[in-house]
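All remarks here apply to the structure that follows.
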Amino acid sequence: GARSIEDFSPSTRSLAQRRGLLRMLLRTSSALLLLVVPTAAFYLPGVAPIDYRDGESIDLKVNKLTSTKTHLPYEWYDLPFCRPAEVVYKGENLGEVMRGDRIQNSPYTIKMNVEVSCQLLCKQSYDAEQAALFATKIGEDYRVNWIVDNLPAATRVVEPALGSSPSRIITIYERGFPLGFRGAESIPGTSAGVNYVYNHHRIVLKYHTEPDAFEGARIVGSEVEPFSVQHEPAGAGGGLSTCSGARPVTHSAPPQPVSGPQTVYWTYDVRWEYSEVKWASRWDVYLYATDEQIHWFSIVNSLMIV
């Protein structure tokens, strides 16, 4: 869903080496746990699978905004996003503290195996200063970091056409996804130099079931495809004229600029896809990540205990 492509160069470390390093980290973490907690039972966040039944609520947590340009993180609600009735810090383990994560709850409603389209999260009226804050952070390449069932969100981007190869949707597993993008003459419907915010998110969650082994479903993948769309109200009947359950958001819609006072509608979709990947292997896709440091910290983070 992003309109610009980042570095896709493959890592020099082989997959076999990465798997070996992961096994070493698992053994080391297990040994430390035995030293720290020799007797009492405990819960290890991210290691014990959660079995969800149809319709059961699932938390979408928001983490800090990060940028490789400024290296200065911001808490999610430092920007005027849609807020829940009460903001609660949701940190669960030592790994999050070591990384400086600031994980909080969000107003997104997600239920197991329940799909939604063009769900209105909130309507926000921004003054010039608030719009400029978004524009500045987009210009500084800030990225959004979400977590579902202890998995960081993956980014869906469009791989550009190369020679005889057409463009196609691929999934890149990296930390977060862009807050927005900068308009250019080469991007239809945009003005060069104007920043646009991604105000619609298609959340794609992958699940695995094994009726003979456990009841319910386990989440094995978390992806987000961001869109920028200048929503318009449908009129007296309510809803939006720019999308509905029968007419999903597309990348051809006019994008949402952030320049001057304006009203922004924040919306989202939830899609569910069955996957043959088992819960124990759900981190394997991160072994292909282009930024190793980020993802090895994320994997170790899921193993750390309070």
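Convention: chains lettered A, B, ... in structure tokens order; per-chain residue numbering from 1; ligands numbered from 1 as shown.
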
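Residues of region 52-286 of chain A that DSSP places in helix (DSSP H, G or I), based on the backbone of this structure, are Trp76, Tyr77, Asp78, Leu94, Gly95, Glu96, Val97, Met98, Arg99, Ala128, Glu129, Gln130, Ala131, Ala132, Leu133, Phe134, Ala135, Thr136, Lys137, Ile138, Gly139, Trp279, Ala280, Ser281, Asp284, Val285 and Tyr286 of chain A.
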
| request: Write out as a ChimeraX atom specification the residues lying within 10 Å of Gly139 (chain A), counting only C-alpha atoms and excluding same-chain residues fewer than 6 positions away. | output: /A:69,133,179-182,193-196

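When the distance limit is 9 Å and only C-alpha atoms are what count, the residues near Ser57 (chain A), minus those fewer than 3 positions from it on the same chain, are Tyr52, Arg53, Asp54, Thr109, Ile110, Lys111 and Met112 of chain A.
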
Hey, what's within 9 Å of region 250-261 of chain A if we count only C-alpha atoms and toss same-chain stuff fewer than 2 positions away? As a short mmCIF file (atom, residue, chain, number, x, y, z; two decimals) with all heavy atoms, in the first residue's frame, please?
data_model
loop_
_atom_site.label_atom_id
_atom_site.label_comp_id
_atom_site.auth_asym_id
_atom_site.auth_seq_id
_atom_site.Cartn_x
_atom_site.Cartn_y
_atom_site.Cartn_z
N GLY A 1 0.78 -1.19 0.00
CA GLY A 1 0.00 0.00 0.00
C GLY A 1 0.83 1.25 0.00
O GLY A 1 0.32 2.32 -0.29
N SER A 125 -11.02 16.76 13.59
CA SER A 125 -10.84 18.10 13.00
C SER A 125 -9.51 18.65 13.48
O SER A 125 -9.28 18.78 14.70
CB SER A 125 -11.98 19.02 13.42
OG SER A 125 -13.21 18.57 12.88
N TYR A 126 -8.62 18.94 12.55
CA TYR A 126 -7.28 19.41 12.88
C TYR A 126 -7.12 20.89 12.54
O TYR A 126 -7.59 21.34 11.48
CB TYR A 126 -6.23 18.60 12.13
CG TYR A 126 -6.22 17.13 12.46
CD1 TYR A 126 -6.38 16.15 11.48
CD2 TYR A 126 -6.05 16.71 13.78
CE1 TYR A 126 -6.37 14.81 11.80
CE2 TYR A 126 -6.04 15.35 14.11
CZ TYR A 126 -6.20 14.41 13.11
OH TYR A 126 -6.20 13.08 13.44
N ASP A 127 -6.44 21.62 13.42
CA ASP A 127 -6.08 22.99 13.10
C ASP A 127 -4.78 22.98 12.31
O ASP A 127 -4.18 21.92 12.07
CB ASP A 127 -5.98 23.85 14.36
CG ASP A 127 -4.98 23.33 15.37
OD1 ASP A 127 -4.00 22.65 14.97
OD2 ASP A 127 -5.15 23.59 16.58
N ALA A 128 -4.32 24.15 11.91
CA ALA A 128 -3.12 24.23 11.07
C ALA A 128 -1.89 23.64 11.78
O ALA A 128 -1.06 22.99 11.14
CB ALA A 128 -2.86 25.68 10.67
N GLU A 129 -1.79 23.86 13.08
CA GLU A 129 -0.63 23.36 13.82
C GLU A 129 -0.63 21.84 13.88
O GLU A 129 0.42 21.20 13.72
CB GLU A 129 -0.64 23.94 15.23
CG GLU A 129 0.57 23.54 16.07
CD GLU A 129 0.56 24.17 17.45
OE1 GLU A 129 -0.33 25.00 17.72
OE2 GLU A 129 1.44 23.82 18.27
N GLN A 130 -1.78 21.23 14.11
CA GLN A 130 -1.86 19.77 14.17
C GLN A 130 -1.59 19.15 12.80
O GLN A 130 -0.90 18.13 12.70
CB GLN A 130 -3.23 19.36 14.69
CG GLN A 130 -3.47 19.69 16.15
CD GLN A 130 -4.90 19.42 16.58
OE1 GLN A 130 -5.85 19.76 15.86
NE2 GLN A 130 -5.07 18.83 17.74
N ALA A 131 -2.13 19.76 11.75
CA ALA A 131 -1.87 19.26 10.39
C ALA A 131 -0.38 19.36 10.07
O ALA A 131 0.20 18.45 9.46
CB ALA A 131 -2.69 20.03 9.38
N ALA A 132 0.25 20.46 10.51
CA ALA A 132 1.68 20.64 10.25
C ALA A 132 2.50 19.59 11.00
O ALA A 132 3.55 19.16 10.51
CB ALA A 132 2.10 22.04 10.67
N LEU A 133 2.03 19.17 12.18
CA LEU A 133 2.73 18.14 12.93
C LEU A 133 2.75 16.83 12.16
O LEU A 133 3.79 16.17 12.06
CB LEU A 133 2.05 17.95 14.29
CG LEU A 133 2.67 16.92 15.24
CD1 LEU A 133 4.11 17.29 15.57
CD2 LEU A 133 1.85 16.81 16.52
N PHE A 134 1.61 16.45 11.59
CA PHE A 134 1.57 15.25 10.75
C PHE A 134 2.49 15.41 9.55
O PHE A 134 3.26 14.50 9.21
CB PHE A 134 0.14 14.98 10.28
CG PHE A 134 -0.69 14.19 11.22
CD1 PHE A 134 -1.70 14.79 11.96
CD2 PHE A 134 -0.48 12.82 11.39
CE1 PHE A 134 -2.48 14.05 12.84
CE2 PHE A 134 -1.25 12.08 12.27
CZ PHE A 134 -2.25 12.69 13.01
N ALA A 135 2.42 16.56 8.89
CA ALA A 135 3.22 16.79 7.69
C ALA A 135 4.71 16.69 8.00
O ALA A 135 5.49 16.10 7.22
CB ALA A 135 2.89 18.15 7.09
N GLY A 183 3.87 13.74 -1.93
CA GLY A 183 3.37 13.78 -3.29
C GLY A 183 4.46 14.11 -4.30
O GLY A 183 5.47 14.73 -3.97
N PRO A 188 -0.07 9.82 -9.41
CA PRO A 188 -1.35 10.40 -9.85
C PRO A 188 -2.18 10.92 -8.68
O PRO A 188 -2.23 10.31 -7.62
CB PRO A 188 -2.05 9.22 -10.54
CG PRO A 188 -0.96 8.29 -10.92
CD PRO A 188 0.08 8.43 -9.87
N GLY A 189 -2.80 12.07 -8.89
CA GLY A 189 -3.70 12.62 -7.89
C GLY A 189 -3.03 13.38 -6.77
O GLY A 189 -3.71 13.80 -5.82
N THR A 190 -1.70 13.54 -6.84
CA THR A 190 -0.99 14.24 -5.77
C THR A 190 -0.31 15.49 -6.32
O THR A 190 -0.10 15.63 -7.52
CB THR A 190 0.08 13.35 -5.12
OG1 THR A 190 1.16 13.11 -6.05
CG2 THR A 190 -0.52 12.02 -4.69
N VAL A 194 3.67 18.10 -1.39
CA VAL A 194 2.62 18.03 -0.38
C VAL A 194 2.66 16.66 0.29
O VAL A 194 2.81 15.64 -0.39
CB VAL A 194 1.23 18.27 -1.00
CG1 VAL A 194 0.13 18.07 0.04
CG2 VAL A 194 1.14 19.68 -1.59
N ASN A 195 2.52 16.63 1.60
CA ASN A 195 2.52 15.37 2.32
C ASN A 195 1.10 14.85 2.51
O ASN A 195 0.17 15.63 2.78
CB ASN A 195 3.20 15.52 3.68
CG ASN A 195 4.70 15.68 3.56
OD1 ASN A 195 5.31 15.19 2.60
ND2 ASN A 195 5.32 16.36 4.49
N TYR A 196 0.95 13.53 2.39
CA TYR A 196 -0.36 12.88 2.50
C TYR A 196 -0.29 11.82 3.60
O TYR A 196 0.71 11.09 3.71
CB TYR A 196 -0.75 12.24 1.16
CG TYR A 196 -0.91 13.24 0.05
CD1 TYR A 196 0.20 13.71 -0.66
CD2 TYR A 196 -2.16 13.73 -0.31
CE1 TYR A 196 0.06 14.65 -1.67
CE2 TYR A 196 -2.32 14.65 -1.33
CZ TYR A 196 -1.20 15.12 -2.00
OH TYR A 196 -1.35 16.05 -3.01
N VAL A 197 -1.33 11.73 4.39
CA VAL A 197 -1.35 10.80 5.51
C VAL A 197 -2.11 9.53 5.13
O VAL A 197 -3.09 9.57 4.39
CB VAL A 197 -1.98 11.44 6.76
CG1 VAL A 197 -3.47 11.71 6.56
CG2 VAL A 197 -1.74 10.57 8.00
N TYR A 198 -1.63 8.40 5.63
CA TYR A 198 -2.35 7.14 5.46
C TYR A 198 -3.41 7.06 6.56
O TYR A 198 -3.11 6.77 7.72
CB TYR A 198 -1.39 5.95 5.56
CG TYR A 198 -0.49 5.77 4.36
CD1 TYR A 198 0.90 5.72 4.49
CD2 TYR A 198 -1.04 5.64 3.09
CE1 TYR A 198 1.71 5.54 3.39
CE2 TYR A 198 -0.22 5.47 1.98
CZ TYR A 198 1.15 5.42 2.14
OH TYR A 198 1.95 5.26 1.04
N ASN A 199 -4.65 7.33 6.18
CA ASN A 199 -5.73 7.38 7.17
C ASN A 199 -6.69 6.19 7.07
O ASN A 199 -7.68 6.14 7.79
CB ASN A 199 -6.53 8.68 7.01
CG ASN A 199 -7.12 8.84 5.61
OD1 ASN A 199 -6.49 8.51 4.62
ND2 ASN A 199 -8.34 9.33 5.55
N PHE A 227 -3.56 2.98 3.22
CA PHE A 227 -4.12 3.75 2.12
C PHE A 227 -4.28 5.21 2.55
O PHE A 227 -4.48 5.48 3.74
CB PHE A 227 -5.52 3.24 1.74
CG PHE A 227 -5.57 1.83 1.22
CD1 PHE A 227 -5.48 0.76 2.07
CD2 PHE A 227 -5.75 1.59 -0.15
CE1 PHE A 227 -5.55 -0.55 1.60
CE2 PHE A 227 -5.82 0.30 -0.63
CZ PHE A 227 -5.73 -0.77 0.24
N SER A 228 -4.22 6.09 1.60
CA SER A 228 -4.56 7.49 1.85
C SER A 228 -5.79 7.81 1.01
O SER A 228 -5.78 7.64 -0.20
CB SER A 228 -3.40 8.41 1.46
OG SER A 228 -3.72 9.76 1.75
N VAL A 229 -6.86 8.24 1.67
CA VAL A 229 -8.10 8.53 0.96
C VAL A 229 -8.80 9.73 1.59
O VAL A 229 -8.95 9.81 2.80
CB VAL A 229 -9.04 7.30 0.95
CG1 VAL A 229 -9.28 6.78 2.35
CG2 VAL A 229 -10.36 7.61 0.27
N GLN A 230 -9.16 10.67 0.75
CA GLN A 230 -9.86 11.87 1.22
C GLN A 230 -11.35 11.53 1.30
O GLN A 230 -12.11 11.76 0.37
CB GLN A 230 -9.61 13.05 0.29
CG GLN A 230 -10.03 14.38 0.85
CD GLN A 230 -9.43 15.54 0.06
OE1 GLN A 230 -8.98 15.39 -1.07
NE2 GLN A 230 -9.42 16.71 0.67
N HIS A 231 -11.74 11.01 2.46
CA HIS A 231 -13.12 10.57 2.65
C HIS A 231 -14.10 11.74 2.59
O HIS A 231 -13.77 12.87 2.97
CB HIS A 231 -13.28 9.88 4.01
CG HIS A 231 -12.71 8.49 4.06
ND1 HIS A 231 -13.12 7.50 3.19
CD2 HIS A 231 -11.80 7.92 4.89
CE1 HIS A 231 -12.48 6.37 3.49
NE2 HIS A 231 -11.67 6.61 4.51
N THR A 242 -17.16 7.61 0.07
CA THR A 242 -15.92 7.15 -0.56
C THR A 242 -15.66 5.66 -0.39
O THR A 242 -14.80 5.11 -1.07
CB THR A 242 -14.73 7.94 0.03
OG1 THR A 242 -14.94 8.14 1.43
CG2 THR A 242 -14.62 9.30 -0.65
N CYS A 243 -16.37 5.00 0.52
CA CYS A 243 -16.21 3.56 0.67
C CYS A 243 -17.37 3.01 1.48
O CYS A 243 -18.10 3.75 2.15
CB CYS A 243 -14.88 3.20 1.33
SG CYS A 243 -14.75 3.64 3.07
N ARG A 247 -18.05 -1.58 -1.22
CA ARG A 247 -17.10 -0.87 -2.08
C ARG A 247 -15.86 -0.50 -1.26
O ARG A 247 -15.79 0.58 -0.66
CB ARG A 247 -17.76 0.39 -2.65
CG ARG A 247 -16.95 1.02 -3.77
CD ARG A 247 -17.68 2.19 -4.43
NE ARG A 247 -17.71 3.37 -3.57
CZ ARG A 247 -18.75 3.77 -2.85
NH1 ARG A 247 -19.87 3.06 -2.83
NH2 ARG A 247 -18.71 4.86 -2.11
N PRO A 248 -14.86 -1.38 -1.22
CA PRO A 248 -13.68 -1.13 -0.39
C PRO A 248 -12.81 -0.01 -0.94
O PRO A 248 -12.91 0.38 -2.10
CB PRO A 248 -12.94 -2.48 -0.44
CG PRO A 248 -13.37 -3.10 -1.73
CD PRO A 248 -14.79 -2.67 -1.92
N THR A 263 -10.63 18.34 8.14
CA THR A 263 -11.23 17.20 8.83
C THR A 263 -10.74 15.92 8.18
O THR A 263 -10.73 15.80 6.95
CB THR A 263 -12.76 17.26 8.77
OG1 THR A 263 -13.21 18.44 9.46
CG2 THR A 263 -13.38 16.04 9.43
N VAL A 264 -10.31 14.97 9.00
CA VAL A 264 -9.80 13.69 8.51
C VAL A 264 -10.64 12.57 9.10
O VAL A 264 -10.86 12.52 10.31
CB VAL A 264 -8.31 13.48 8.87
CG1 VAL A 264 -7.84 12.10 8.43
CG2 VAL A 264 -7.45 14.57 8.23
#

| request: List every residue of region 124-267 of chain A that DSSP, applied to the backbone of this structure, assigns to strand (DSSP E), and report them as a ChimeraX atom specification. | output: /A:124-126,143-144,146-148,151-152,154-159,168-172,177-178,180-182,195-197,200-208,218-227,262-267

| said: So that I can see what lies close to Thr267 (chain A), please list as a VMD selection string the residues with an atom at most 7 Å from it, counting only C-alpha atoms and leaving out residues fewer than 6 positions away in the same chain. | reply: chain A and resid 118 to 121 199 to 201

Same residues, N, CA and C atoms, output as a PDB file, in the first residue's frame:
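Writing the result to part.pdb gives the following:
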ATOM      1  N   CYS A 118     -14.406  -0.641   5.682  1.00  0.00           N
ATOM      2  CA  CYS A 118     -14.674   0.794   5.770  1.00  0.00           C
ATOM      3  C   CYS A 118     -15.272   1.161   7.129  1.00  0.00           C
ATOM      4  N   GLN A 119     -14.705   0.601   8.183  1.00  0.00           N
ATOM      5  CA  GLN A 119     -15.171   0.895   9.544  1.00  0.00           C
ATOM      6  C   GLN A 119     -14.634   2.248   9.982  1.00  0.00           C
ATOM      7  N   LEU A 120     -15.519   3.147  10.371  1.00  0.00           N
ATOM      8  CA  LEU A 120     -15.090   4.473  10.817  1.00  0.00           C
ATOM      9  C   LEU A 120     -14.531   4.369  12.231  1.00  0.00           C
ATOM     10  N   LEU A 121     -13.275   4.752  12.391  1.00  0.00           N
ATOM     11  CA  LEU A 121     -12.644   4.752  13.706  1.00  0.00           C
ATOM     12  C   LEU A 121     -12.981   6.047  14.443  1.00  0.00           C
ATOM     13  N   ASN A 199      -4.648   7.327   6.184  1.00  0.00           N
ATOM     14  CA  ASN A 199      -5.732   7.379   7.167  1.00  0.00           C
ATOM     15  C   ASN A 199      -6.690   6.190   7.073  1.00  0.00           C
ATOM     16  N   HIS A 200      -6.388   5.242   6.187  1.00  0.00           N
ATOM     17  CA  HIS A 200      -7.170   4.008   6.111  1.00  0.00           C
ATOM     18  C   HIS A 200      -6.191   2.839   6.138  1.00  0.00           C
ATOM     19  N   HIS A 201      -6.494   1.835   6.960  1.00  0.00           N
ATOM     20  CA  HIS A 201      -5.584   0.694   7.102  1.00  0.00           C
ATOM     21  C   HIS A 201      -6.344  -0.608   6.919  1.00  0.00           C
TER      22      HIS A 201
END

| Which of these residues is nearest to Val270 (chain A), using only C-alpha atoms: A:Ile103, A:Gly239, A:Tyr108, A:Arg143? |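 Smallest separation from Val270 (chain A) among the options: A:Tyr108.
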
| task | Measuring atom to atom with only C-alpha atoms, identify which of A:Ser67, A:Lys123, A:Ser117, A:Ala280 is nearest to Ser244 (chain A). | result | A:Ser117

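From CA of Leu205 (chain A) back to CA of Ser222 (chain A), the distance works out to 4.8 Å.
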
| task | Between CA of Lys90 (chain A) and CA of Val148 (chain A), measure the distance and give it in Å to one decimal. | result |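 Atom-to-atom, CA of Lys90 (chain A) and CA of Val148 (chain A) are spaced 12.0 Å apart.
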